[in-house]
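S.K.: Structure: target38.cif, mmCIF, C-alpha atoms.
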```
data_entry
#
loop_
_atom_site.label_atom_id
_atom_site.label_comp_id
_atom_site.auth_asym_id
_atom_site.auth_seq_id
_atom_site.Cartn_x
_atom_site.Cartn_y
_atom_site.Cartn_z
CA MET J 1 0.00 0.00 0.00
CA ASP J 2 2.89 2.35 0.77
CA THR J 3 4.51 1.69 -2.59
CA LEU J 4 1.19 2.42 -4.29
CA SER J 5 0.75 5.76 -2.56
CA ALA J 6 4.39 6.58 -3.32
CA LEU J 7 3.64 6.01 -6.99
CA LEU J 8 0.59 8.28 -6.95
CA THR J 9 2.44 11.56 -7.16
CA GLY J 10 1.14 14.34 -9.35
CA ASN J 11 3.93 13.86 -11.87
CA ASN J 12 3.26 10.15 -12.29
CA ILE J 13 -0.50 10.61 -12.62
CA LEU J 14 0.05 13.30 -15.24
CA PHE J 15 2.45 11.05 -17.10
CA ALA J 16 -0.03 8.16 -17.03
CA ILE J 17 -2.83 10.37 -18.38
CA LEU J 18 -0.58 11.71 -21.13
CA THR J 19 0.53 8.20 -22.07
CA VAL J 20 -3.05 7.01 -22.37
CA VAL J 21 -4.04 10.07 -24.44
CA VAL J 22 -1.02 9.82 -26.75
CA LEU J 23 -1.19 6.09 -27.37
CA CYS J 24 -4.98 5.81 -27.68
CA SER J 25 -5.27 8.73 -30.08
CA ALA J 26 -2.31 7.46 -32.12
CA LEU J 27 -3.95 4.05 -32.39
CA LEU J 28 -7.30 5.60 -33.34
CA SER J 29 -5.54 7.82 -35.84
CA VAL J 30 -4.17 4.84 -37.76
CA LEU J 31 -7.29 2.70 -37.37
CA THR J 32 -10.07 5.13 -38.20
CA GLU J 33 -11.47 4.94 -41.71
CA LYS J 34 -12.25 8.62 -42.08
CA LEU J 35 -9.19 10.73 -42.83
CA MET J 36 -10.51 13.88 -41.19
CA HIS J 37 -10.99 11.98 -37.92
CA ALA J 38 -7.47 10.63 -38.29
CA ALA J 39 -6.17 14.19 -38.56
CA PHE J 40 -8.00 15.20 -35.37
CA TYR J 41 -6.64 12.19 -33.48
CA LEU J 42 -3.17 13.04 -34.77
CA PHE J 43 -3.67 16.51 -33.33
CA LEU J 44 -4.44 15.01 -29.91
CA THR J 45 -1.31 12.87 -30.13
CA LEU J 46 0.88 15.85 -31.01
CA VAL J 47 -0.55 17.97 -28.19
CA GLY J 48 -0.03 15.10 -25.74
CA ILE J 49 3.61 14.82 -26.82
CA ALA J 50 4.04 18.58 -26.41
CA ALA J 51 2.69 18.20 -22.87
CA MET J 52 5.25 15.43 -22.26
CA TYR J 53 8.04 17.80 -23.32
CA MET J 54 6.57 20.40 -21.00
CA GLN J 55 6.63 17.86 -18.19
CA MET J 56 10.30 17.23 -18.92
CA GLN J 57 10.86 20.98 -18.49
CA TYR J 58 11.74 21.58 -22.12
CA GLU J 59 9.34 24.44 -22.64
CA PHE J 60 10.77 25.74 -25.88
CA LEU J 61 10.57 22.31 -27.48
CA ALA J 62 6.94 22.03 -26.37
CA GLY J 63 6.24 25.39 -27.96
CA ALA J 64 7.97 24.38 -31.18
CA GLN J 65 6.06 21.11 -31.23
CA LEU J 66 2.76 22.92 -30.78
CA SER J 67 3.39 25.67 -33.30
CA VAL J 68 5.17 23.67 -36.01
CA TYR J 69 3.48 20.29 -35.70
CA ALA J 70 0.03 20.98 -34.32
CA GLY J 71 -0.22 24.40 -35.94
CA GLY J 72 1.65 24.02 -39.22
CA ILE J 73 1.98 20.45 -40.38
CA LEU J 74 -1.47 19.43 -39.25
CA MET J 75 -2.96 22.42 -41.06
CA LEU J 76 -1.23 21.21 -44.24
CA PHE J 77 -2.76 17.76 -43.73
CA ILE J 78 -6.22 19.20 -43.21
CA PHE J 79 -5.82 21.35 -46.33
CA ALA J 80 -4.80 18.32 -48.33
CA ILE J 81 -7.72 16.28 -47.02
CA VAL J 82 -10.26 19.04 -47.63
CA LEU J 83 -9.00 19.82 -51.13
CA VAL J 84 -8.55 16.29 -52.39
CA HIS J 85 -10.40 13.77 -50.29
CA HIS J 86 -14.12 13.28 -50.68
CA ILE J 87 -15.29 14.04 -47.16
CA GLY J 88 -17.45 11.38 -45.62
CA GLU J 89 -16.00 8.73 -47.86
CA ASN J 90 -13.96 6.06 -46.12
CA SER J 91 -10.31 5.86 -47.04
CA GLU J 92 -9.16 2.62 -48.56
CA SER J 93 -6.93 0.30 -46.61
CA VAL J 94 -5.26 -2.98 -47.47
CA SER J 95 -6.97 -6.36 -47.31
CA PRO J 96 -7.62 -7.95 -43.88
CA LYS J 97 -4.94 -10.56 -44.49
CA LYS J 98 -2.31 -7.90 -45.10
CA LYS J 99 -3.62 -6.04 -42.06
CA TRP J 100 -2.94 -9.07 -39.89
CA ILE J 101 0.54 -9.42 -41.32
CA ALA J 102 1.21 -5.73 -40.60
CA ALA J 103 -0.13 -6.13 -37.05
CA ILE J 104 2.04 -9.18 -36.41
CA ALA J 105 5.11 -7.41 -37.80
CA SER J 106 4.49 -4.36 -35.63
CA ILE J 107 3.81 -6.36 -32.47
CA SER J 108 6.93 -8.47 -32.98
CA GLY J 109 8.88 -5.25 -33.45
CA VAL J 110 7.52 -3.92 -30.16
CA ILE J 111 8.44 -7.18 -28.39
CA LEU J 112 11.95 -7.15 -29.86
CA CYS J 113 12.50 -3.56 -28.72
CA LEU J 114 11.13 -4.24 -25.25
CA ILE J 115 13.35 -7.28 -24.81
CA THR J 116 16.39 -5.25 -25.87
CA MET J 117 15.38 -2.48 -23.50
CA TYR J 118 14.91 -4.92 -20.63
CA GLY J 119 18.49 -6.13 -20.93
CA THR J 120 19.96 -2.64 -21.06
CA ASN J 121 21.10 -0.66 -18.09
CA PHE J 122 20.66 3.06 -18.67
CA ASN J 123 23.04 5.27 -16.72
CA VAL J 124 20.35 7.64 -15.53
CA ASN J 125 21.81 10.71 -13.88
CA PRO J 126 20.32 10.69 -10.35
CA GLU J 127 20.33 14.49 -10.18
CA ALA J 128 18.65 14.92 -13.54
CA ASP J 129 15.69 16.82 -12.13
CA GLU J 130 17.98 19.43 -10.60
CA LEU J 131 20.53 19.70 -13.40
CA VAL J 132 17.93 20.24 -16.07
CA LYS J 133 16.97 23.52 -14.43
CA ASN J 134 20.33 24.94 -15.55
CA VAL J 135 19.30 24.52 -19.17
CA ASN J 136 17.47 27.65 -20.21
CA MET J 137 16.79 29.64 -23.34
CA GLU J 138 20.21 31.25 -23.15
CA THR J 139 21.99 27.88 -23.33
CA LEU J 140 19.86 26.88 -26.28
CA GLY J 141 20.46 30.16 -28.08
CA TYR J 142 24.24 29.87 -27.68
CA ALA J 143 24.12 26.24 -28.80
CA LEU J 144 22.12 27.02 -31.93
CA LEU J 145 24.19 30.02 -32.99
CA GLY J 146 27.68 29.08 -31.77
CA THR J 147 30.53 27.57 -33.73
CA GLY J 148 32.31 25.70 -30.93
CA LYS J 149 32.07 22.07 -29.85
CA ASN J 150 28.47 20.88 -29.57
CA GLN J 151 27.19 24.08 -31.11
CA TYR J 152 25.09 24.12 -34.20
CA LEU J 153 25.54 27.19 -36.37
CA LEU J 154 26.22 25.18 -39.54
CA PRO J 155 23.17 22.87 -39.20
CA PHE J 156 21.11 25.93 -38.35
CA GLU J 157 22.10 27.66 -41.58
CA ALA J 158 21.70 24.45 -43.54
CA THR J 159 18.16 24.19 -42.18
CA GLY J 160 17.50 27.70 -43.49
CA ILE J 161 18.68 26.66 -46.95
CA LEU J 162 16.63 23.47 -46.73
CA LEU J 163 13.49 25.45 -45.92
CA LEU J 164 14.15 27.85 -48.80
CA ALA J 165 14.69 24.96 -51.20
CA CYS J 166 11.55 23.28 -49.92
CA ILE J 167 9.42 26.42 -50.40
CA ILE J 168 10.64 26.79 -54.00
CA GLY J 169 10.34 23.05 -54.62
CA ALA J 170 6.81 22.89 -53.25
CA VAL J 171 5.72 25.84 -55.42
CA VAL J 172 7.35 24.35 -58.53
CA ILE J 173 5.91 20.89 -57.97
CA ALA J 174 2.40 21.99 -57.08
CA ASN J 175 2.30 24.58 -59.87
CA LYS J 176 0.09 23.83 -62.84
CA GLU J 177 2.14 23.32 -65.96
CA LYS J 178 0.86 25.89 -68.42
CA GLU J 179 2.70 24.52 -71.48
CA ASP J 180 0.67 21.32 -71.18
CA LYS J 181 -2.53 23.22 -71.83
CA ALA J 182 -1.20 25.40 -74.66
CA MET S 1 11.19 11.05 -11.13
CA ILE S 2 9.63 9.06 -13.92
CA PRO S 3 11.99 6.29 -15.03
CA VAL S 4 13.45 6.76 -18.48
CA GLU S 5 12.20 3.30 -19.46
CA MET S 6 8.60 4.54 -19.33
CA TYR S 7 9.33 7.14 -21.97
CA LEU S 8 11.12 4.54 -24.07
CA ILE S 9 8.13 2.18 -23.84
CA VAL S 10 5.77 4.98 -24.92
CA SER S 11 8.01 5.87 -27.84
CA THR S 12 8.39 2.22 -28.89
CA LEU S 13 4.64 1.75 -28.95
CA LEU S 14 4.14 5.03 -30.81
CA PHE S 15 6.81 4.08 -33.36
CA PHE S 16 5.22 0.73 -34.14
CA ILE S 17 1.72 2.21 -34.25
CA GLY S 18 3.16 4.48 -36.93
CA VAL S 19 4.73 1.53 -38.75
CA PHE S 20 1.43 -0.33 -38.61
CA GLY S 21 -0.42 2.69 -40.02
CA PHE S 22 2.14 3.06 -42.78
CA LEU S 23 1.71 -0.58 -43.78
CA VAL S 24 -2.09 -0.55 -43.56
CA ARG S 25 -3.06 2.71 -45.24
CA LYS S 26 -3.46 2.99 -49.00
CA ASN S 27 -4.13 6.72 -48.92
CA LEU S 28 -1.08 8.94 -49.41
CA VAL S 29 -2.12 11.48 -46.76
CA GLY S 30 -2.80 8.67 -44.28
CA MET S 31 0.66 7.25 -44.90
CA LEU S 32 2.23 10.68 -44.33
CA MET S 33 0.39 10.97 -41.01
CA SER S 34 1.87 7.64 -39.93
CA ILE S 35 5.33 8.95 -40.82
CA GLU S 36 4.69 11.91 -38.52
CA LEU S 37 3.87 9.49 -35.70
CA ILE S 38 7.17 7.69 -36.32
CA LEU S 39 9.14 10.94 -36.29
CA ASN S 40 7.46 11.97 -33.05
CA ALA S 41 8.36 8.66 -31.43
CA VAL S 42 12.00 9.23 -32.37
CA ASN S 43 11.83 12.74 -30.95
CA ILE S 44 10.53 11.47 -27.63
CA ASN S 45 13.48 9.08 -27.50
CA PHE S 46 16.01 11.82 -28.17
CA VAL S 47 14.48 14.13 -25.59
CA ALA S 48 14.11 11.46 -22.90
CA PHE S 49 17.72 10.32 -23.27
CA ASN S 50 18.90 13.92 -23.18
CA ARG S 51 16.77 14.75 -20.16
CA TYR S 52 17.61 11.74 -18.00
CA LEU S 53 21.11 10.69 -19.04
CA PHE S 54 22.84 14.00 -19.81
CA PRO S 55 20.62 16.70 -18.29
CA GLU S 56 23.26 19.44 -18.37
CA GLN S 57 23.71 19.12 -22.15
CA ILE S 58 21.22 19.85 -24.90
CA GLU S 59 22.30 17.63 -27.78
CA GLY S 60 19.08 15.63 -27.95
CA TYR S 61 17.05 18.77 -27.46
CA ALA S 62 18.70 20.54 -30.42
CA TYR S 63 18.51 17.41 -32.54
CA SER S 64 14.79 17.05 -32.02
CA LEU S 65 14.32 20.72 -32.96
CA PHE S 66 16.06 19.97 -36.25
CA VAL S 67 13.91 16.87 -36.71
CA ILE S 68 10.79 19.02 -36.31
CA VAL S 69 12.03 21.48 -38.94
CA VAL S 70 12.96 18.73 -41.40
CA ALA S 71 9.58 17.09 -40.84
CA ALA S 72 7.86 20.37 -41.73
CA ALA S 73 9.89 20.68 -44.93
CA GLU S 74 9.26 17.04 -45.82
CA THR S 75 5.52 17.38 -45.31
CA ALA S 76 5.30 20.51 -47.45
CA VAL S 77 7.09 18.88 -50.39
CA ALA S 78 5.22 15.59 -49.96
CA ILE S 79 1.85 17.33 -50.04
CA ALA S 80 2.89 19.29 -53.14
CA ILE S 81 3.79 15.98 -54.82
CA PHE S 82 0.50 14.57 -53.59
CA PHE S 83 -1.50 17.41 -55.20
CA ASN S 84 0.35 16.85 -58.44
CA VAL S 85 -0.40 13.13 -58.36
CA TYR S 86 -4.06 13.84 -57.69
CA ARG S 87 -4.24 16.34 -60.55
CA ARG S 88 -2.69 13.92 -63.01
CA LYS S 89 -4.25 10.65 -61.91
CA GLY S 90 -7.46 11.75 -60.21
CA SER S 91 -6.82 9.35 -57.37
CA GLU S 92 -5.26 9.63 -53.95
CA THR S 93 -4.03 6.10 -53.36
CA VAL S 94 -0.54 4.70 -53.72
CA LYS S 95 -1.80 2.47 -56.53
CA SER S 96 -2.15 5.50 -58.79
CA ILE S 97 1.62 6.01 -58.87
CA ARG S 98 2.44 2.38 -59.39
CA GLU S 99 4.42 3.04 -62.58
CA LEU S 100 7.12 4.70 -60.49
CA LYS S 101 8.16 1.17 -59.55
CA HIS S 102 9.26 0.24 -63.06
#
```
What is this structure when it is put down as structure tokens?

M.R.:
Amino acid sequence: MDTLSALLTGNNILFAILTVVVLCSALLSVLTEKLMHAAFYLFLTLVGIAAMYMQMQYEFLAGAQLSVYAGGILMLFIFAIVLVHHIGENSESVSPKKKWIAAIASISGVILCLITMYGTNFNVNPEADELVKNVNMETLGYALLGTGKNQYLLPFEATGILLLACIIGAVVIANKEKEDKA
Amino acid sequence: MIPVEMYLIVSTLLFFIGVFGFLVRKNLVGMLMSIELILNAVNINFVAFNRYLFPEQIEGYAYSLFVIVVAAAETAVAIAIFFNVYRRKGSETVKSIRELKH
């Protein structure tokens, strides 16, 4: 009974709720037939994961997750579904036999990973909860814009070029080809 | 303190839910959504390892930020390709671009 009440701290209860929300909505998102519902369940999953980051005291990452994933990428999905998909129509999925094969493959993958995890000893830092408080926005800013060891100016700039290339590429690909019509 | 294994179990399950969705869906947008689930599972792993094993560093933190950005870029281009496929083939399933295999 003591161990049970020791487990029922606010942090653990929050984590359990988040786990249930994330996993259930992810499962519903892949199982539901209607794509719009799948997008809404995906939204719940992404928000749950953002809350997990928040619980780990990585506030900026939670904000980035919310604004880029839940705000940006999900909007793109919903645009694509609304523009292309016939709403109310069920999306096709593979035959039941292939579904079973996919389920067995996934479950065996989970079991394999869990077995590997069980045999591994992670060197968890016992003072992690205290040390993580030293990591603030300033540390992150220096890491993203510094050129020293473990600093990421070059990847940061490369990401900028990637985004530029992706904007141009998306416009070029999605553009209607006018010479086809002429 | 929540043990790091709990986060790893969550991310494992999320990853394989994504894999299952990717294998089961025939719709291109549905498959992309499953890929997002997979990327998120990987991000949880990075962040949990960073948070519990090396809390004074931010390597996993920064890496998952880059993963988020690359995922955004990937989705934008993929949806552009998807619109083009739909315009040319009038269908939104993977079967419609089968000739890419040959």

S.K.: Select, from J:Asn123, J:Thr147, J:Ser25, J:Ser5, the residue with the minimum atom-to-atom distance to chain S, counting only C-alpha atoms.

M.R.: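 Among J:Asn123, J:Thr147, J:Ser25, J:Ser5, it is J:Asn123 that comes nearest to chain S.
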
S.K.: To one decimal in Å, tell me the separation between atom CA of Phe60 of chain J and atom CA of Phe16 of chain S.

M.R.: 26.9 Å

S.K.: Specify as a PyMOL selection string all residues of chain J found within 6 Å of chain S, counting all atoms listed in the file.

M.R.: chain J and resi 30+92-94+99+102+106+124-125+128+131-132+166+170+173-174

S.K.: What does the PyMOL selection byres ((chain J and resi 136) around 10) select in this file, as a ChimeraX atom specification?

M.R.: /J:57-60,132-135,137-141 /S:58

S.K.: Grab the atom CA of Phe43 of chain J to atom CA of Leu74 of chain J distance for me, in Å with one decimal place.

M.R.: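 Computed distance, atom CA of Phe43 of chain J to atom CA of Leu74 of chain J, equals 7.0 Å.
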
S.K.: Enter the distance from atom CA of Ile111 of chain J to atom CA of Thr3 of chain J, in Å, rounded to one decimal.

M.R.: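 Separating atom CA of Ile111 of chain J from atom CA of Thr3 of chain J is a distance of 27.6 Å.
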
S.K.: So, with all atoms listed in the file as the atoms that count, which of S:Lys95, S:Lys89, S:Gly60, S:Val67 lies closest to Leu28 of chain S?

M.R.: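 The closest residue to Leu28 of chain S is S:Lys95.
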
S.K.: Would you pick out the contacts of Leu18 of chain J at 8 Å or less, using all atoms listed in the file, so that residues sharing its chain but fewer than 4 positions from it are not included, and give the list as a PyMOL selection string?

M.R.: chain J and resi 14+22+48-49+51-52

S.K.: Give as number ranges by chain the residues that the PyMOL selection byres ((chain J and resi 34) around 8) matches when applied to the coordinates above.

M.R.: J: 32-33, 35-38, 88-91

S.K.: Would you kindly translate the PyMOL selection byres ((chain J and resi 47) around 12) into the concrete residues it picks from this file, as a ChimeraX atom specification?

M.R.: /J:18-19,21-23,25-26,40-46,48-54,61-71,74 /S:40
